[in-house]
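J.: Below is a structure I'd like to ask you about.
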Amino acid sequence: MSYADAQYQEAYEPQGQNNSMTIDEMRILHRTALAEAESKRTELRLVLASRYRELVGSSDEVISMKERAEELNALVIALPELVERVVQSADASDARGSTEKLTPHISPKGEGKDEKESSLVAVRSELSRLPREIHRCLDDKNVHGAAAALISLFEVISSRSKSYPLANLLSGSEQIPDNITNSPLLETQMRMVYLHVQTLPARVEKLARRVLLQSAAKHGGARGTAAALSALDLLDVGRQKNAAPSSGPSQFTSRSTKLIDLYYESKAQLLNKLLNRLTLPTSVSAADATSVANSAEFILSKIVLILQYDVILHPYQIFVQRNFPVTNAHEKDVTEEAKTKNKKNVNDIMSSMPRFDSDLLKSKASRFLAAHLPLIRTKVKSVLMIIAGTTASKLGQIRQSLYDKTDGIECMNALDSSGVCTWDEAVSGMVDIRVVSHGTSFAPAVDSGKLSIGDDQGVAASNGHNGQQLGSSRRFSLWGALFSNTFSSLVHSLLTTSFHSVHARVVSTLRTSLARAPPFEYMLPHEAHRNALRIATDLDASLRKVSDDAHELLVHAEEREESERRLRQSLYVQTCEIMGRLLNELRRMLLVKQKEEDAIKELIVGRLCHLLKFRLASLPNLLDPKSSPAVLAGLGGGKSTGMISLMELSSSFDLADDDDDGLISIEEAMEAMESAFSGTHFQGAEMVRDTLLLSTTQSAAGDAANGVTNRTNGSFVPNKQSSAPQNVTLSELALLSAKGLRHDASGPQSALGTVQSSLDEIVTRCFKVWAQAALSPPLKSFRTKLRETIEVSSTVSDFEWRRMNGLIDKDDDDLLKEIHDPTTFNDGLTQRQKIVVGHLSPHFLSYLLAVATVLNRSICPADSLPPIPSLDYATALGICFSEEEETVNMMVTIRGSLLGEAVQSMSRSLKEEICNMHGTADKSEILKQCSPSSLIQLLMDVKFVNRCFFERNRNGFLSTSDFIDDSRGIMAQLSQMLSDFVNTAVEDGLSIDRAISERHSQIFVSCGLFLSSIFGEDDDDKISPLSDSVSNGVKGAPLLLSSSLVTNPLASSRRFTLLPIQAEKSLTELQLRGRYGKKVREEKESNKDVSSGNALGSGFGFLSSMLSTKTR
């Protein structure tokens, strides 16, 4: 049984002897079999029908082949008879020749007969020679020779017979002389020759068109092109129809126009074919980048050669000068004989073609260039964009190669070495600058460098400044028309794309870091520093890489200065725009509302902006004032016309800012920019839309994924995932409009200064919000306790207040300073009995210690390092520091923000609780209700706060804004008010002040370890005024005397997880003893298993255990 039979049996037969099928299963099986049988029947019917059609077609071909075979058989059968007749005719001709020599005087009738016979022989000889000559020319790819031989052959045939229409059309003869009679042998020969060559005109025409569809610079040169045109003209049937003498000059005009159109149509097909080959895949891997770049360079080189030779040089030589070089050899190396031969070949080819109108030719060529140059430029730019995405260095090599092949010295020498005309003569005779430059971005080669990169400013400046020069010195150049501005625009587009990519990566990384950040209370400072440092470092490296890649695209040495100038301008503008977008994005991130006590976003963004101030080392080069558009326009010979100043932009901004908050919406920004740039060639609204990526679909999709914005149809639509308002500041607009704004060379209104001031504002804002969130829990506790204290002080007696605060006299309390009033008469006057000055209120000290704790918890060792290596580095970054000023590192920033928030919150809380208690505005009412001891306590607390923040503070605040002065005024006012009330309540106010100062000194001595971290070191507090034995160090020495890298070392017990901690010797010994004790206990437990009666053994074991322990 075969495999098929086995399958069939397995499918349709039962699996076992006992298996059976139901009626339904049998019906299903029956229907399946019928369906399969029907399908097989249909398939067989279709196969038979197709085979039948093939058989019918084959039979028709067989019948046709039979007919052709019969015709060929008839000709072969008649061939011996024809040969015999030819031989007889030749013998008869020889006999007549000998007879004529013998009998020179013959009758006129015999003479006419001999002439007819000799003409027949000559015709037959031509009929035999010309086909062989045609084939020799075809073998040599000489289409002109083949066409000329065909025309001669058809002239011979048409002169003897009108039975061959193609010969009659191509020869141009209309009638035959009456005395022409053809022998049957001649008729047969003409028929055979005609049947043999009747397909050759189409073949010659096909070869000629194929020649025109090839680059003449690589195949045949100008001679091959002229030969192909001559062949097409000779074999043109319409040419022979219009060859009547009455047609006059119009016939030549029609022929010349038709040839010119045919020629440029062929070159258009050739260019389109190459442009289609130039289409590359949208994405190229790095491994294939080199091969793709080489292929693109090869195709671009062929396009350049076609434009130079096939479009301009060769048409000028052929159609205008009617002369062209036949060989590639130099004119000096050609001999006189070769020159004569070459001249004859040129005359043979050109004599068959009509005269051409030079103006018509110039118009045709100019329109051809005007139509194809933009297409070539667009295709070249798209291809180069793909190449540049993988290897920028290869793009620079392509640029150099293309310049060498267009305007290079060797290229110009090759174009001028034809010996017929120079390149400049051909350009002047073939190219109309006005037609070619109409509707395109063509610029003359001399002034192409004065165009800026990728914007309208350079075009306007070129048109305005160089308009008078271009009328007299414009010269067509393929480099200027195709590649100069294309590469400049390409570099600008690459920079735009690269900077957009850098911006997207930075924002995406920052959002990812924020999303993965731990809760606020678990955030470690070194992790926040590491994440921010990574983003800042990556941004600086990306900017530097973009700049380096762009400089690899610098053009050849001939235009290096001009190209570098335009490149630096583009880098300046693009860097300003990316920094403006980044600053706008960072600022708007902070506007999203979140929980009050969660400031993770502010902490990370603040640290990032602080690092961006000092870590973007590439900004000084990218934002060099000498590279600004205004300065470079002046260096280029023009003026910075069409550019506005920052004052004009500020005026428009102030008009749009109705609420004077320094922020305007996107719509208001567009209106303000339109107003500021009115009268210039810049479009303010488009500038805002382009720089903020409001009309870019790809950017909109990327931002929507990150939760930033949604942009639709060029309009700005806020994203539902983000509640951040869309607005801009004046500084951001100044950066975004860099291409049309004149920045100062240095100072805060320069581009670099604008970036630094914007970063400072974001840093101040971030750490202010962060300090509020970080100090929110201790502040709530402080305000609650302060409110309770004031309420108690205003409701209880002095004695009760002292009892509640532990200030009742005790014999063993030698730490309290008691001040006795000598005028004590009775118990009713508690104010005059005994005044005791206690310690600082716990909630005041607790809040300050909480500030120190937050500071120590929020910094890492790297925060204390100087952010800049030298003052020159800071100056280059636009940061002004003097040698006396302290470097604002991260620790100074965090500490300043905490101090500012602490003094503001404490002063505000004191003002609210003391001045606005119980809803009354009279400040003295609340204080009059307080006991003297409570007033002294409150005075001591207020003076301590004032002393800490405004006297003891050596570090200052993050920013000296108005709220610091307000807090200073509030604390001074409260101190004076409380001092007045205390002086009224007690008589010895000086003793009270002295006791308060002593209590403050005690606090600074006992808590100096923590307070020095926020307020700095103070020499007056290192030795207590109460006891000389109290000091901050061992034997009265200061705690920190040695100089270290850290500006203000932190005296803190908090350990940083990043630093390895070396264990102390005592701790090591304790750990060893613990391990040994555990071993001893294990040995004791093992000894319990020994028999208790064996005292000697047990004792020996115990003693041995002790001995072993002692030995160890």
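To be explicit about the labels: the chains of the structure tokens are called A, B, and onward in the order shown, and within each one the residues are counted from 1, while ligands get numbers from 1 in the order they are shown.
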Considering only C-alpha atoms, return as a list in words whatever protein or nucleic-acid residues lie within 7 Å of region 338-350 of chain A, sequence-local ones (same chain, fewer than 2 positions apart) excluded.
T.: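 Residues meeting the cut-off are Ala226, Ala227, Ser230, Arg322, Asn323, Val326, Val334, Thr335, Glu336, Ser352 and Met353 of chain A.
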J.: Do you have, as JSON lines, the list of residues of region 479-529 of chain A lying at most 12 Å from region 885-909 of chain A, each with its nearest atom pair and that distance in Å to one decimal, counting only C-alpha atoms and ordered by chain then number?
T.:
{"residue": "A:Pro525", "atom": "CA", "partner": "A:Met890", "partner_atom": "CA", "distance": 11.0}
{"residue": "A:His526", "atom": "CA", "partner": "A:Met890", "partner_atom": "CA", "distance": 11.9}
{"residue": "A:Ala528", "atom": "CA", "partner": "A:Met890", "partner_atom": "CA", "distance": 12.0}
{"residue": "A:His529", "atom": "CA", "partner": "A:Met890", "partner_atom": "CA", "distance": 9.7}
J.: Mind checking which residues fall within 7 Å of region 685-693 of chain A, counting only C-alpha atoms, ignoring those fewer than 4 positions away in the same chain, and posting them as JSON, numbers by chain?
T.: {"A": [577, 581, 670, 671, 673, 674, 699, 736, 737]}
J.: Please provide as a list in words all residues within 8 Å of Gln317 (chain A), with the sequence filter that same-chain residues fewer than 5 positions apart are discarded (counting only C-alpha atoms).
T.: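 Non-adjacent residues within range: Ala222, Arg322, Asn323, Phe324, Val420, Cys421 and Ala426 of chain A.
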J.: Could you check the closest approach to Leu849 (chain A) for each of A:Gln683, A:Ser1012, A:Asn983, A:Thr789 and tell me which residue wins, using only C-alpha atoms?
T.: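 With only C-alpha atoms as the atom set, the closest residue is A:Ser1012.
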J.: Nearest to Leu232 (chain A): which of A:Pro620, A:Gly408, A:Pro201, A:Gly1008 is it, counting only C-alpha atoms?
T.: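 Ranked by minimum distance to Leu232 (chain A), first place goes to A:Pro201.
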J.: What's the 12 Å shell around Lys273 (chain A), counting only C-alpha atoms, without same-chain residues fewer than 3 positions away, as a PyMOL selection string?
T.: chain A and resi 213-215+266-270+276-279+299+302-303+376
J.: Could you save the residues just selected, with all heavy atoms, as a tab-separated table (two decimals), in the first residue's frame?
T.:
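After the write, selection_23.tsv holds the following:
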chain	number	residue	atom	x	y	z
A	213	LEU	N	20.35	58.68	-24.13
A	213	LEU	CA	19.96	58.37	-22.75
A	213	LEU	C	21.14	57.98	-21.88
A	213	LEU	O	20.96	57.51	-20.76
A	213	LEU	CB	18.93	57.23	-22.75
A	213	LEU	CG	17.55	57.59	-23.30
A	213	LEU	CD1	16.66	56.36	-23.36
A	213	LEU	CD2	16.90	58.68	-22.47
A	214	GLN	N	22.33	58.18	-22.39
A	214	GLN	CA	23.55	57.92	-21.63
A	214	GLN	C	24.29	59.23	-21.41
A	214	GLN	O	24.09	60.21	-22.13
A	214	GLN	CB	24.46	56.94	-22.37
A	214	GLN	CG	23.87	55.54	-22.51
A	214	GLN	CD	24.77	54.62	-23.30
A	214	GLN	OE1	25.73	55.06	-23.95
A	214	GLN	NE2	24.47	53.33	-23.28
A	215	SER	N	25.13	59.21	-20.41
A	215	SER	CA	25.93	60.40	-20.13
A	215	SER	C	27.03	60.52	-21.17
A	215	SER	O	27.85	59.62	-21.35
A	215	SER	CB	26.54	60.31	-18.72
A	215	SER	OG	27.39	61.39	-18.48
A	266	SER	N	15.44	63.59	-23.69
A	266	SER	CA	16.28	62.44	-23.36
A	266	SER	C	17.08	62.69	-22.10
A	266	SER	O	17.19	61.81	-21.22
A	266	SER	CB	17.21	62.11	-24.53
A	266	SER	OG	16.47	61.87	-25.70
A	267	LYS	N	17.64	63.88	-21.96
A	267	LYS	CA	18.41	64.20	-20.77
A	267	LYS	C	17.51	64.29	-19.53
A	267	LYS	O	17.93	63.95	-18.42
A	267	LYS	CB	19.17	65.52	-20.97
A	267	LYS	CG	20.16	65.47	-22.12
A	267	LYS	CD	21.07	64.24	-22.00
A	267	LYS	CE	21.95	64.07	-23.22
A	267	LYS	NZ	22.78	62.84	-23.14
A	268	ALA	N	16.27	64.72	-19.70
A	268	ALA	CA	15.34	64.74	-18.57
A	268	ALA	C	15.04	63.32	-18.10
A	268	ALA	O	14.99	63.04	-16.89
A	268	ALA	CB	14.06	65.46	-18.96
A	269	GLN	N	14.86	62.39	-19.06
A	269	GLN	CA	14.66	60.99	-18.68
A	269	GLN	C	15.88	60.42	-17.98
A	269	GLN	O	15.75	59.67	-16.99
A	269	GLN	CB	14.34	60.16	-19.93
A	269	GLN	CG	13.04	60.53	-20.61
A	269	GLN	CD	12.79	59.71	-21.85
A	269	GLN	OE1	13.45	58.69	-22.08
A	269	GLN	NE2	11.83	60.13	-22.67
A	270	LEU	N	17.05	60.79	-18.45
A	270	LEU	CA	18.27	60.31	-17.81
A	270	LEU	C	18.39	60.83	-16.38
A	270	LEU	O	18.72	60.07	-15.44
A	270	LEU	CB	19.49	60.73	-18.65
A	270	LEU	CG	20.87	60.36	-18.09
A	270	LEU	CD1	20.99	58.86	-17.91
A	270	LEU	CD2	21.96	60.89	-19.01
A	276	ASN	N	15.69	58.63	-9.38
A	276	ASN	CA	14.99	57.49	-8.81
A	276	ASN	C	15.96	56.50	-8.19
A	276	ASN	O	15.66	55.88	-7.15
A	276	ASN	CB	14.16	56.79	-9.89
A	276	ASN	CG	13.01	57.65	-10.38
A	276	ASN	OD1	12.50	58.49	-9.63
A	276	ASN	ND2	12.61	57.47	-11.62
A	277	ARG	N	17.10	56.35	-8.79
A	277	ARG	CA	18.13	55.49	-8.18
A	277	ARG	C	18.69	56.10	-6.91
A	277	ARG	O	19.18	55.38	-6.03
A	277	ARG	CB	19.27	55.26	-9.18
A	277	ARG	CG	18.93	54.35	-10.34
A	277	ARG	CD	20.11	54.25	-11.28
A	277	ARG	NE	21.31	53.80	-10.57
A	277	ARG	CZ	22.54	53.81	-11.09
A	277	ARG	NH1	22.71	54.27	-12.34
A	277	ARG	NH2	23.57	53.38	-10.39
A	278	LEU	N	18.60	57.42	-6.82
A	278	LEU	CA	19.14	58.10	-5.64
A	278	LEU	C	18.23	57.94	-4.42
A	278	LEU	O	18.61	58.27	-3.31
A	278	LEU	CB	19.33	59.59	-5.94
A	278	LEU	CG	20.19	60.41	-4.98
A	278	LEU	CD1	21.59	59.84	-4.92
A	278	LEU	CD2	20.24	61.86	-5.43
A	279	THR	N	17.04	57.44	-4.59
A	279	THR	CA	16.12	57.25	-3.48
A	279	THR	C	16.67	56.15	-2.58
A	279	THR	O	16.88	55.02	-3.02
A	279	THR	CB	14.73	56.87	-3.99
A	279	THR	OG1	14.26	57.91	-4.85
A	279	THR	CG2	13.77	56.71	-2.83
A	299	ILE	N	26.21	58.47	-7.63
A	299	ILE	CA	25.08	58.95	-8.42
A	299	ILE	C	25.11	60.47	-8.53
A	299	ILE	O	24.83	61.05	-9.60
A	299	ILE	CB	23.76	58.46	-7.80
A	299	ILE	CG1	23.70	56.93	-7.86
A	299	ILE	CG2	22.56	59.05	-8.54
A	299	ILE	CD1	22.50	56.34	-7.16
A	302	LYS	N	27.53	61.52	-11.15
A	302	LYS	CA	27.00	61.35	-12.51
A	302	LYS	C	26.02	62.47	-12.86
A	302	LYS	O	26.02	62.98	-13.98
A	302	LYS	CB	26.31	59.99	-12.62
A	302	LYS	CG	27.25	58.81	-12.51
A	302	LYS	CD	26.53	57.50	-12.75
A	302	LYS	CE	26.11	57.37	-14.19
A	302	LYS	NZ	25.52	56.05	-14.48
A	303	ILE	N	25.20	62.88	-11.90
A	303	ILE	CA	24.26	63.99	-12.15
A	303	ILE	C	25.02	65.27	-12.45
A	303	ILE	O	24.65	66.04	-13.35
A	303	ILE	CB	23.32	64.15	-10.94
A	303	ILE	CG1	22.38	62.95	-10.84
A	303	ILE	CG2	22.51	65.44	-11.05
A	303	ILE	CD1	21.49	62.98	-9.62
A	376	ILE	N	16.37	68.34	-8.31
A	376	ILE	CA	17.64	67.72	-7.91
A	376	ILE	C	18.03	68.17	-6.51
A	376	ILE	O	18.46	67.37	-5.67
A	376	ILE	CB	18.74	68.06	-8.92
A	376	ILE	CG1	18.37	67.51	-10.31
A	376	ILE	CG2	20.08	67.51	-8.48
A	376	ILE	CD1	19.32	67.94	-11.41
J.: Name all residues at most 8 Å from Ser665 (chain A) (count only C-alpha atoms; drop same-chain ones fewer than 6 positions away) and give them as a list in words.
T.: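 Residues meeting the cut-off are Gln726, Asn727 and Val728 of chain A.
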J.: Would you export the selected residues with N, CA and C atoms as a short mmCIF file (atom, residue, chain, number, x, y, z; two decimals), in the first residue's frame, please?
T.:
data_model
loop_
_atom_site.label_atom_id
_atom_site.label_comp_id
_atom_site.auth_asym_id
_atom_site.auth_seq_id
_atom_site.Cartn_x
_atom_site.Cartn_y
_atom_site.Cartn_z
N GLN A 726 0.42 77.16 29.91
CA GLN A 726 1.37 77.35 28.83
C GLN A 726 1.67 78.85 28.72
N ASN A 727 2.83 79.25 29.17
CA ASN A 727 3.21 80.65 29.14
C ASN A 727 4.71 80.76 28.98
N VAL A 728 5.17 81.96 28.76
CA VAL A 728 6.59 82.23 28.56
C VAL A 728 6.96 83.48 29.33
#
J.: Any idea what the distance is between CA of Pro519 (chain A) and CA of Arg587 (chain A)?
T.: 21.6 Å
